[in-house]
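*Asks:* Here it is: the structure, laid out below.
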Amino acid sequence: LIVGGGPAGLFAAENAASEGARVVIADSKPSVGRKFLVAGKSGLNLTNDEPFEAFLDRYAQSSTRMSQPLRQFDNTALRAWADGLGFSTFVSAGGKVFPDPMKAAPLLRAWIRRLRGMGVEFAMRHQLTGLKCASNGVMGQFGESEIMADAVILALGGASWPKTGSTASWLPL
């Protein structure tokens, strides 16, 4: 069970499904990727084209913690991921990497198609209200609905954009 349908949740779902897991993404909104779409209004800068060590230096305070995940999925891997969805990328004069075309919606639609093709299920309008440990896993509570899972990934983000669902209201849970 992945709670949160933003890019982190979608990437977690893709990785889990590629390893053979049955995946359900639950999100409080009627559709996934809302903040991704908002970010795409300015061209959807996916990453940058600088050398990896320079990129890692941007995370100086947490470079030890971030080094391994970033090495596993660096800017080259992100460009290959977009290409695998059918979107080539290009580098702007400032080194920013954009998909071609510079729009989020087509890329998001292709990503959702890929996830559905991998068997990922989507439970929309599911606001997380609680989690309970059970002898056979974890029970995600969503108002009147419950989803049982072997594992739960919380990909809920912070409070950066409330209209897209990023309210951080999950933190007390």
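Ordering of the structure tokens sets the chain letters (A, B, ...); residue numbers start at 1 within each chain; ligands are numbered from 1 in the order shown.
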Mind checking which residues fall within 8 Å of segment 42-56 of chain A, counting only C-alpha atoms, ignoring those fewer than 4 positions away in the same chain, and posting them as a ChimeraX atom specification?
*Replies:* /A:60,63,66-67,70,74-75,78,91,95-99,102-104
*Asks:* Can you pull out every residue within 12 Å of Phe36 of chain A, counting only C-alpha atoms, but drop anything in the same chain fewer than 3 positions away, and send it as a list of chain:residue names?
*Replies:*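 Near neighbours after the sequence-gap exclusion: A:Gly5, A:Gly6, A:Pro7, A:Ala8, A:Gly9, A:Leu10, A:Ser31, A:Val32, A:Gly33, A:Ala39, A:Gly40, A:Lys41, A:Ser42, A:Gly43, A:Leu44, A:Asn45, A:Leu46, A:Lys103, A:Ala104, A:Ala105, A:Pro106, A:Leu107, A:Leu108, A:Arg109, A:Trp111, A:Trp161, A:Thr164, A:Gly165, A:Ser166.
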*Asks:* Just give me the gap between atom CA of Gly130 of chain A and atom CA of Phe142 of chain A in Å, one decimal is fine.
*Replies:*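 Taking atom CA of Gly130 of chain A as the start and atom CA of Phe142 of chain A as the end point, the length is 7.0 Å.
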*Asks:* What are the closest atom pairs, with distances in Å to one decimal, for each residue of segment 64-127 of chain A lying within 12 Å of segment 131-140 of chain A, using only C-alpha atoms, rows by chain and rising residue number, as CSV?
*Replies:*
```
residue,atom,partner,partner_atom,distance
A:Ala123,CA,A:Gly140,CA,11.8
A:His126,CA,A:Gly140,CA,9.9
A:Gln127,CA,A:Gly140,CA,10.0
```
*Asks:* Please give the complete set of residues from segment 84-164 of chain A that DSSP, run on the backbone, assigns to strand (DSSP E or B), formatted as a ChimeraX atom specification.
*Replies:* /A:89-91,96-99,121-124,130-134,137-142,145-149,153-154,161
